[in-house]
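Engineer: Supplied structure: upload_2.pdb, PDB, C-alpha atoms.
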ATOM      1  CA  LYS A   1     -55.963  72.356 -39.568
ATOM      2  CA  ASN A   2     -53.733  75.314 -40.291
ATOM      3  CA  GLN A   3     -53.380  77.509 -37.239
ATOM      4  CA  VAL A   4     -52.774  80.622 -39.346
ATOM      5  CA  GLU A   5     -55.373  81.663 -41.899
ATOM      6  CA  GLN A   6     -54.832  84.513 -44.340
ATOM      7  CA  SER A   7     -57.217  86.423 -46.562
ATOM      8  CA  PRO A   8     -57.646  87.197 -49.304
ATOM      9  CA  GLN A   9     -55.741  84.495 -51.136
ATOM     10  CA  SER A  10     -54.811  87.032 -53.804
ATOM     11  CA  LEU A  11     -55.584  90.570 -54.815
ATOM     12  CA  ILE A  12     -54.850  92.990 -57.615
ATOM     13  CA  ILE A  13     -54.496  96.711 -57.001
ATOM     14  CA  LEU A  14     -53.532  99.727 -59.039
ATOM     15  CA  GLU A  15     -50.251 101.462 -58.404
ATOM     16  CA  GLY A  16     -50.622 104.170 -55.793
ATOM     17  CA  LYS A  17     -53.614 102.582 -54.078
ATOM     18  CA  ASN A  18     -53.730 101.148 -50.563
ATOM     19  CA  CYS A  19     -54.613  97.622 -49.517
ATOM     20  CA  THR A  20     -55.025  95.586 -46.335
ATOM     21  CA  LEU A  21     -54.226  91.935 -45.808
ATOM     22  CA  GLN A  22     -55.749  89.901 -42.982
ATOM     23  CA  CYS A  23     -54.379  87.170 -40.744
ATOM     24  CA  ASN A  24     -56.280  85.142 -38.124
ATOM     25  CA  TYR A  25     -54.482  82.667 -35.911
ATOM     26  CA  THR A  26     -55.239  80.119 -33.233
ATOM     27  CA  VAL A  27     -51.660  79.465 -32.084
ATOM     28  CA  SER A  28     -51.514  79.404 -28.307
ATOM     29  CA  PRO A  29     -49.555  80.289 -26.308
ATOM     30  CA  PHE A  30     -48.452  83.192 -28.450
ATOM     31  CA  SER A  31     -44.965  84.663 -28.518
ATOM     32  CA  ASN A  32     -44.823  86.899 -31.558
ATOM     33  CA  LEU A  33     -46.302  87.491 -34.991
ATOM     34  CA  ARG A  34     -44.383  88.520 -38.052
ATOM     35  CA  TRP A  35     -45.150  89.431 -41.615
ATOM     36  CA  TYR A  36     -42.806  88.265 -44.356
ATOM     37  CA  LYS A  37     -42.608  89.467 -47.948
ATOM     38  CA  GLN A  38     -41.589  86.871 -50.508
ATOM     39  CA  ASP A  39     -40.701  88.016 -53.992
ATOM     40  CA  THR A  40     -40.978  85.464 -56.783
ATOM     41  CA  GLY A  41     -37.943  83.204 -56.758
ATOM     42  CA  ARG A  42     -36.591  84.594 -53.498
ATOM     43  CA  GLY A  43     -36.675  83.673 -49.841
ATOM     44  CA  PRO A  44     -39.069  85.345 -47.379
ATOM     45  CA  VAL A  45     -37.874  88.633 -45.881
ATOM     46  CA  SER A  46     -39.182  89.884 -42.562
ATOM     47  CA  LEU A  47     -41.185  93.125 -42.649
ATOM     48  CA  THR A  48     -42.360  93.412 -39.041
ATOM     49  CA  ILE A  49     -42.341  91.459 -35.800
ATOM     50  CA  MET A  50     -44.821  92.157 -33.006
ATOM     51  CA  THR A  51     -45.051  90.725 -29.528
ATOM     52  CA  PHE A  52     -48.117  90.395 -27.346
ATOM     53  CA  SER A  53     -47.852  93.942 -26.016
ATOM     54  CA  GLU A  54     -47.484  95.669 -29.382
ATOM     55  CA  ASN A  55     -50.563  96.551 -31.405
ATOM     56  CA  THR A  56     -49.015  98.398 -34.327
ATOM     57  CA  LYS A  57     -45.663  98.553 -36.043
ATOM     58  CA  SER A  58     -44.556 100.260 -39.233
ATOM     59  CA  ASN A  59     -41.804  99.625 -41.729
ATOM     60  CA  GLY A  60     -41.898 102.334 -44.356
ATOM     61  CA  ARG A  61     -45.147 102.023 -46.280
ATOM     62  CA  TYR A  62     -46.018  98.787 -44.467
ATOM     63  CA  THR A  63     -48.018  98.986 -41.234
ATOM     64  CA  ALA A  64     -48.943  95.909 -39.259
ATOM     65  CA  THR A  65     -51.543  95.742 -36.516
ATOM     66  CA  LEU A  66     -52.137  93.096 -33.908
ATOM     67  CA  ASP A  67     -55.108  92.358 -31.693
ATOM     68  CA  ALA A  68     -53.932  89.587 -29.395
ATOM     69  CA  ASP A  69     -57.361  89.312 -27.770
ATOM     70  CA  THR A  70     -59.130  88.431 -30.996
ATOM     71  CA  LYS A  71     -56.013  86.793 -32.465
ATOM     72  CA  GLN A  72     -56.097  88.924 -35.563
ATOM     73  CA  SER A  73     -53.457  90.852 -37.466
ATOM     74  CA  SER A  74     -53.463  92.998 -40.554
ATOM     75  CA  LEU A  75     -50.840  94.351 -42.907
ATOM     76  CA  HIS A  76     -51.624  97.653 -44.593
ATOM     77  CA  ILE A  77     -49.705  98.739 -47.674
ATOM     78  CA  THR A  78     -49.866 102.462 -48.392
ATOM     79  CA  ALA A  79     -49.373 104.032 -51.806
ATOM     80  CA  SER A  80     -48.526 100.729 -53.438
ATOM     81  CA  GLN A  81     -45.649 100.442 -55.872
ATOM     82  CA  LEU A  82     -44.947  97.892 -58.574
ATOM     83  CA  SER A  83     -42.209  96.457 -56.361
ATOM     84  CA  ASP A  84     -44.825  95.553 -53.762
ATOM     85  CA  SER A  85     -45.977  92.716 -56.019
ATOM     86  CA  ALA A  86     -45.140  89.643 -53.951
ATOM     87  CA  SER A  87     -46.536  87.048 -51.608
ATOM     88  CA  TYR A  88     -47.085  88.237 -48.021
ATOM     89  CA  ILE A  89     -46.913  85.559 -45.371
ATOM     90  CA  CYS A  90     -48.202  85.830 -41.810
ATOM     91  CA  VAL A  91     -46.127  83.778 -39.370
ATOM     92  CA  VAL A  92     -46.891  83.123 -35.715
ATOM     93  CA  ARG A  93     -44.488  81.807 -33.122
ATOM     94  CA  GLY A  94     -45.669  79.922 -30.074
ATOM     95  CA  ASN A  95     -43.573  79.325 -26.988
ATOM     96  CA  ASP A  96     -40.807  77.403 -28.732
ATOM     97  CA  TYR A  97     -38.751  77.716 -31.878
ATOM     98  CA  LYS A  98     -41.496  76.507 -34.215
ATOM     99  CA  LEU A  99     -43.221  78.914 -36.564
ATOM    100  CA  SER A 100     -46.734  78.464 -37.940
ATOM    101  CA  PHE A 101     -46.993  79.808 -41.476
ATOM    102  CA  GLY A 102     -50.040  81.125 -43.270
ATOM    103  CA  ALA A 103     -50.556  80.203 -46.899
ATOM    104  CA  GLY A 104     -49.826  83.769 -47.948
ATOM    105  CA  THR A 105     -51.623  86.485 -49.889
ATOM    106  CA  THR A 106     -50.387  87.151 -53.402
ATOM    107  CA  VAL A 107     -50.460  90.865 -54.187
ATOM    108  CA  THR A 108     -50.213  92.092 -57.758
ATOM    109  CA  VAL A 109     -49.720  95.811 -58.319
ATOM    110  CA  ARG A 110     -50.559  97.041 -61.813
ATOM    111  CA  ALA A 111     -49.522 100.309 -63.421
TER
ATOM    112  CA  ASP B   1     -23.311  90.729 -44.528
ATOM    113  CA  ALA B   2     -23.781  88.154 -47.290
ATOM    114  CA  GLY B   3     -26.889  86.671 -45.752
ATOM    115  CA  VAL B   4     -27.695  82.984 -45.849
ATOM    116  CA  ILE B   5     -26.068  81.332 -48.853
ATOM    117  CA  GLN B   6     -27.565  78.296 -50.537
ATOM    118  CA  SER B   7     -26.327  76.194 -53.399
ATOM    119  CA  PRO B   8     -27.200  75.199 -55.960
ATOM    120  CA  ARG B   9     -29.987  77.657 -56.786
ATOM    121  CA  HIS B  10     -31.565  75.219 -59.198
ATOM    122  CA  GLU B  11     -31.242  71.451 -59.425
ATOM    123  CA  VAL B  12     -32.812  69.156 -61.971
ATOM    124  CA  THR B  13     -32.281  65.458 -61.492
ATOM    125  CA  GLU B  14     -33.785  62.139 -62.401
ATOM    126  CA  MET B  15     -35.763  59.964 -60.063
ATOM    127  CA  GLY B  16     -33.518  57.715 -58.009
ATOM    128  CA  GLN B  17     -30.534  60.034 -58.005
ATOM    129  CA  GLU B  18     -28.959  61.475 -54.886
ATOM    130  CA  VAL B  19     -29.402  65.199 -54.306
ATOM    131  CA  THR B  20     -27.357  67.319 -51.906
ATOM    132  CA  LEU B  21     -28.387  70.836 -50.993
ATOM    133  CA  ARG B  22     -25.961  73.127 -49.209
ATOM    134  CA  CYS B  23     -26.332  76.015 -46.821
ATOM    135  CA  LYS B  24     -23.988  78.523 -45.237
ATOM    136  CA  PRO B  25     -25.730  80.364 -42.384
ATOM    137  CA  ILE B  26     -25.061  83.939 -41.344
ATOM    138  CA  SER B  27     -21.920  84.161 -39.250
ATOM    139  CA  GLY B  28     -22.702  84.257 -35.537
ATOM    140  CA  HIS B  29     -26.091  82.598 -35.829
ATOM    141  CA  ASN B  30     -26.501  79.459 -33.735
ATOM    142  CA  SER B  31     -29.830  78.225 -35.081
ATOM    143  CA  LEU B  32     -30.348  76.716 -38.520
ATOM    144  CA  PHE B  33     -33.560  75.551 -40.139
ATOM    145  CA  TRP B  34     -34.354  73.653 -43.333
ATOM    146  CA  TYR B  35     -37.771  74.285 -44.884
ATOM    147  CA  ARG B  36     -39.599  72.960 -47.918
ATOM    148  CA  GLN B  37     -42.093  75.098 -49.822
ATOM    149  CA  THR B  38     -44.719  73.782 -52.251
ATOM    150  CA  MET B  39     -47.836  75.329 -53.666
ATOM    151  CA  MET B  40     -49.991  72.729 -51.963
ATOM    152  CA  ARG B  41     -48.482  72.792 -48.486
ATOM    153  CA  GLY B  42     -46.728  76.153 -48.217
ATOM    154  CA  LEU B  43     -43.658  76.350 -45.961
ATOM    155  CA  GLU B  44     -42.926  73.285 -43.842
ATOM    156  CA  LEU B  45     -40.145  72.889 -41.292
ATOM    157  CA  LEU B  46     -38.002  69.848 -42.040
ATOM    158  CA  ILE B  47     -35.300  70.040 -39.381
ATOM    159  CA  TYR B  48     -33.917  72.441 -36.793
ATOM    160  CA  PHE B  49     -30.329  72.612 -35.550
ATOM    161  CA  ASN B  50     -29.142  74.527 -32.513
ATOM    162  CA  ASN B  51     -25.398  74.893 -31.972
ATOM    163  CA  ASN B  52     -24.863  72.316 -34.744
ATOM    164  CA  VAL B  53     -26.984  69.709 -32.970
ATOM    165  CA  PRO B  54     -30.235  68.449 -34.528
ATOM    166  CA  ILE B  55     -32.990  69.372 -32.100
ATOM    167  CA  ASP B  56     -36.107  68.497 -34.053
ATOM    168  CA  ASP B  57     -36.223  66.379 -37.208
ATOM    169  CA  SER B  58     -39.870  65.421 -36.943
ATOM    170  CA  GLY B  59     -40.601  67.254 -40.173
ATOM    171  CA  MET B  60     -38.240  65.141 -42.240
ATOM    172  CA  PRO B  61     -40.584  63.246 -44.573
ATOM    173  CA  GLU B  62     -38.925  59.840 -44.448
ATOM    174  CA  ASP B  63     -35.639  58.047 -44.278
ATOM    175  CA  ARG B  64     -34.709  59.214 -47.735
ATOM    176  CA  PHE B  65     -34.049  62.636 -46.224
ATOM    177  CA  SER B  66     -31.048  63.360 -44.039
ATOM    178  CA  ALA B  67     -29.382  66.534 -42.805
ATOM    179  CA  LYS B  68     -26.042  67.291 -41.249
ATOM    180  CA  MET B  69     -24.343  70.278 -39.714
ATOM    181  CA  PRO B  70     -20.679  69.405 -39.272
ATOM    182  CA  ASN B  71     -19.779  72.921 -38.096
ATOM    183  CA  ALA B  72     -21.322  76.302 -37.416
ATOM    184  CA  SER B  73     -20.857  77.523 -40.965
ATOM    185  CA  PHE B  74     -22.154  74.664 -43.071
ATOM    186  CA  SER B  75     -25.134  72.369 -43.380
ATOM    187  CA  THR B  76     -26.356  69.897 -45.963
ATOM    188  CA  LEU B  77     -29.719  68.367 -46.767
ATOM    189  CA  LYS B  78     -29.505  65.128 -48.694
ATOM    190  CA  ILE B  79     -32.230  63.191 -50.500
ATOM    191  CA  GLN B  80     -31.398  59.642 -51.522
ATOM    192  CA  PRO B  81     -33.044  58.319 -53.607
ATOM    193  CA  SER B  82     -34.968  61.305 -54.928
ATOM    194  CA  GLU B  83     -38.561  61.034 -56.127
ATOM    195  CA  PRO B  84     -40.728  63.352 -58.268
ATOM    196  CA  ARG B  85     -42.817  64.285 -55.209
ATOM    197  CA  ASP B  86     -39.691  65.803 -53.671
ATOM    198  CA  SER B  87     -39.845  68.587 -56.255
ATOM    199  CA  ALA B  88     -40.116  71.841 -54.290
ATOM    200  CA  VAL B  89     -38.162  74.876 -53.191
ATOM    201  CA  TYR B  90     -35.933  74.146 -50.221
ATOM    202  CA  PHE B  91     -35.020  77.036 -47.953
ATOM    203  CA  CYS B  92     -32.350  77.280 -45.311
ATOM    204  CA  ALA B  93     -32.802  79.878 -42.567
ATOM    205  CA  SER B  94     -30.568  80.902 -39.698
ATOM    206  CA  GLY B  95     -30.941  82.980 -36.579
ATOM    207  CA  ARG B  96     -29.916  83.548 -32.990
ATOM    208  CA  ALA B  97     -31.931  81.697 -30.382
ATOM    209  CA  SER B  98     -33.732  84.472 -28.529
ATOM    210  CA  SER B  99     -37.193  85.536 -27.505
ATOM    211  CA  TYR B 100     -37.770  86.904 -30.978
ATOM    212  CA  ASN B 101     -36.257  83.899 -32.715
ATOM    213  CA  GLU B 102     -35.876  85.953 -35.896
ATOM    214  CA  GLN B 103     -35.086  83.739 -38.861
ATOM    215  CA  PHE B 104     -33.279  84.954 -41.959
ATOM    216  CA  PHE B 105     -34.010  82.963 -45.083
ATOM    217  CA  GLY B 106     -31.677  82.087 -47.903
ATOM    218  CA  PRO B 107     -32.676  82.410 -51.564
ATOM    219  CA  GLY B 108     -33.718  78.769 -51.756
ATOM    220  CA  THR B 109     -32.894  75.835 -54.018
ATOM    221  CA  ARG B 110     -35.507  74.913 -56.595
ATOM    222  CA  LEU B 111     -35.406  71.144 -56.968
ATOM    223  CA  THR B 112     -37.042  69.350 -59.873
ATOM    224  CA  VAL B 113     -37.034  65.562 -59.894
ATOM    225  CA  LEU B 114     -38.037  64.098 -63.236
TER
END
Can you turn what I pasted into structure tokens?
Structural biologist:
Amino acid sequence: KNQVEQSPQSLIILEGKNCTLQCNYTVSPFSNLRWYKQDTGRGPVSLTIMTFSENTKSNGRYTATLDADTKQSSLHITASQLSDSASYICVVRGNDYKLSFGAGTTVTVRA
Amino acid sequence: DAGVIQSPRHEVTEMGQEVTLRCKPISGHNSLFWYRQTMMRGLELLIYFNNNVPIDDSGMPEDRFSAKMPNASFSTLKIQPSEPRDSAVYFCASGRASSYNEQFFGPGTRLTVL
């Protein structure tokens, strides 16, 4: 069973609107959680990394939250742009080098 | 910083042929990872090197897959013989072993085995 579950699987939003992606995980022990953006035909690029003690972190129009007690994270995209169309992957690291990957949420931003 | 470099970017081959994928990690990074990404299974770790030494190859599907890292600036992933089910995007990632264990991904090699 995948230890990182993401929702929704995909979503479509209009340019300029906001959206929130969800990530639930069961990985334990927990070291850090990161959100990656993967454009079509490219490798994943890290947006944010949060450790146990951090509950929010921003990177431009991207804001990630983390609730380590409930093992939930979210990624909020503000004022979406066409370039935000991509797959967003939630990745959790345990106490070693291994990463547990979510299946990703595909975001499509339409003009 | 050129980032992680992978070659070729696309590879189309026939079943039974040998395929070699190449990776040049970011200079100064001592960890290197090979991943495979498919629609069905997402991203899967194949093998992890630390300081050029294979630490974990439990993700390598079978004996047809092999990986080497002869020095800190080069790694290869070889499939021999290739099969249609090997069709996927193969990513190489590198990083510095640390508490964050940040991994920087290359652009990937899209492999199609006919």
Engineer: What do you get, as a compact mmCIF listing (two decimals) with C-alpha atoms, in the frame of the given file, if you spell out every residue that the PyMOL selection byres ((chain B) within 10 of (chain A)) selects here?
Structural biologist:
# COMPACT_ATOMS: atom_id res chain seq x y z
CA VAL B 4 -27.70 82.98 -45.85
CA ARG B 9 -29.99 77.66 -56.79
CA SER B 31 -29.83 78.22 -35.08
CA PHE B 33 -33.56 75.55 -40.14
CA MET B 39 -47.84 75.33 -53.67
CA MET B 40 -49.99 72.73 -51.96
CA ARG B 41 -48.48 72.79 -48.49
CA GLY B 42 -46.73 76.15 -48.22
CA LEU B 43 -43.66 76.35 -45.96
CA GLU B 44 -42.93 73.28 -43.84
CA LEU B 45 -40.15 72.89 -41.29
CA TYR B 48 -33.92 72.44 -36.79
CA ASP B 56 -36.11 68.50 -34.05
CA VAL B 89 -38.16 74.88 -53.19
CA TYR B 90 -35.93 74.15 -50.22
CA PHE B 91 -35.02 77.04 -47.95
CA CYS B 92 -32.35 77.28 -45.31
CA ALA B 93 -32.80 79.88 -42.57
CA ALA B 97 -31.93 81.70 -30.38
CA SER B 98 -33.73 84.47 -28.53
CA SER B 99 -37.19 85.54 -27.50
CA TYR B 100 -37.77 86.90 -30.98
CA ASN B 101 -36.26 83.90 -32.72
CA GLU B 102 -35.88 85.95 -35.90
CA GLN B 103 -35.09 83.74 -38.86
CA PHE B 104 -33.28 84.95 -41.96
CA PHE B 105 -34.01 82.96 -45.08
CA GLY B 106 -31.68 82.09 -47.90
CA PRO B 107 -32.68 82.41 -51.56
CA GLY B 108 -33.72 78.77 -51.76
CA THR B 109 -32.89 75.83 -54.02
CA ARG B 110 -35.51 74.91 -56.60
Engineer: Once the PyMOL selection byres ((chain A and resi 55) around 7) has been evaluated on this model, what residues remain selected, and can you format them as JSON, numbers by chain?
Structural biologist: {"A": [53, 54, 56, 65, 66, 67]}
Engineer: With C-alpha atoms retained, could you export that selection as a PDB file, in the coordinates of the input?
Structural biologist:
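Everything below was put into part12.pdb:
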ATOM      1  CA  SER A  53     -47.852  93.942 -26.016  1.00  0.00           C
ATOM      2  CA  GLU A  54     -47.484  95.669 -29.382  1.00  0.00           C
ATOM      3  CA  THR A  56     -49.015  98.398 -34.327  1.00  0.00           C
ATOM      4  CA  THR A  65     -51.543  95.742 -36.516  1.00  0.00           C
ATOM      5  CA  LEU A  66     -52.137  93.096 -33.908  1.00  0.00           C
ATOM      6  CA  ASP A  67     -55.108  92.358 -31.693  1.00  0.00           C
TER       7      ASP A  67
END
Engineer: Expanded to explicit residues, what is the PyMOL selection byres ((chain B and resi 5) around 7) for this file, as a list in words?
Structural biologist: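 In the shown coordinates, the PyMOL selection byres ((chain B and resi 5) around 7) covers Gly3, Val4, Gln6, Ser7, Cys23, Lys24, Pro25 and Gly106 of chain B.
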Engineer: Just give me the gap between atom CA of A:Gln38 and atom CA of B:Lys68 in Å, one decimal is fine.
Structural biologist: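 Computing it gives 26.7 Å between the two atoms.
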Engineer: Work out how far atom CA of B:Ile26 is from atom CA of B:Ser94, in Å to one decimal.
Structural biologist: 6.5 Å
Engineer: Which polymer residues have any atom within 9 Å of an atom of B:Glu83, counting all atoms listed in the file, with same-chain residues fewer than 6 positions away left out, as a PyMOL selection string?
Structural biologist: chain B and resi 14-17+113-114
Engineer: A:Thr105: which residues within 10 Å, counting all atoms listed in the file, same-chain residues fewer than 4 positions away excluded, as a list in words?
Structural biologist: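 Close residues of A:Thr105: Gln6, Ser7, Pro8, Gln9, Ser10, Leu11, Leu21, Gln22, Cys23, Lys37, Ala86, Ser87, Tyr88, Ile89 and Cys90 of chain A.
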Engineer: Produce a file of the selected residues containing C-alpha atoms, as an mmCIF file, in the frame of the given file.
Structural biologist:
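Output (result12.cif):
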data_model
loop_
_atom_site.group_PDB
_atom_site.id
_atom_site.type_symbol
_atom_site.label_atom_id
_atom_site.label_comp_id
_atom_site.auth_asym_id
_atom_site.auth_seq_id
_atom_site.Cartn_x
_atom_site.Cartn_y
_atom_site.Cartn_z
ATOM 1 C CA GLN A 6 -54.832 84.513 -44.340
ATOM 2 C CA SER A 7 -57.217 86.423 -46.562
ATOM 3 C CA PRO A 8 -57.646 87.197 -49.304
ATOM 4 C CA GLN A 9 -55.741 84.495 -51.136
ATOM 5 C CA SER A 10 -54.811 87.032 -53.804
ATOM 6 C CA LEU A 11 -55.584 90.570 -54.815
ATOM 7 C CA LEU A 21 -54.226 91.935 -45.808
ATOM 8 C CA GLN A 22 -55.749 89.901 -42.982
ATOM 9 C CA CYS A 23 -54.379 87.170 -40.744
ATOM 10 C CA LYS A 37 -42.608 89.467 -47.948
ATOM 11 C CA ALA A 86 -45.140 89.643 -53.951
ATOM 12 C CA SER A 87 -46.536 87.048 -51.608
ATOM 13 C CA TYR A 88 -47.085 88.237 -48.021
ATOM 14 C CA ILE A 89 -46.913 85.559 -45.371
ATOM 15 C CA CYS A 90 -48.202 85.830 -41.810
#
Engineer: Please, what distance in Å, to one decimal, runs between atom CA of B:Pro54 and atom CA of B:Pro81?
Structural biologist: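 A separation of 21.8 Å between them.
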Engineer: Of the candidates A:Pro29, A:Glu5, A:Arg61, A:Thr20, which shows the shortest atom-to-atom distance to A:Gln81, using only C-alpha atoms?
Structural biologist: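 The shortest atom-to-atom distance to A:Gln81 comes from A:Arg61.
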Engineer: Out of B:Thr112, B:Asn30, B:Thr38, B:Ser58, which residue has the shortest atom-to-atom distance to B:Ser87 when counting all atoms listed in the file?
Structural biologist: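 Answer, going by the shortest atom-to-atom distance: B:Thr112.
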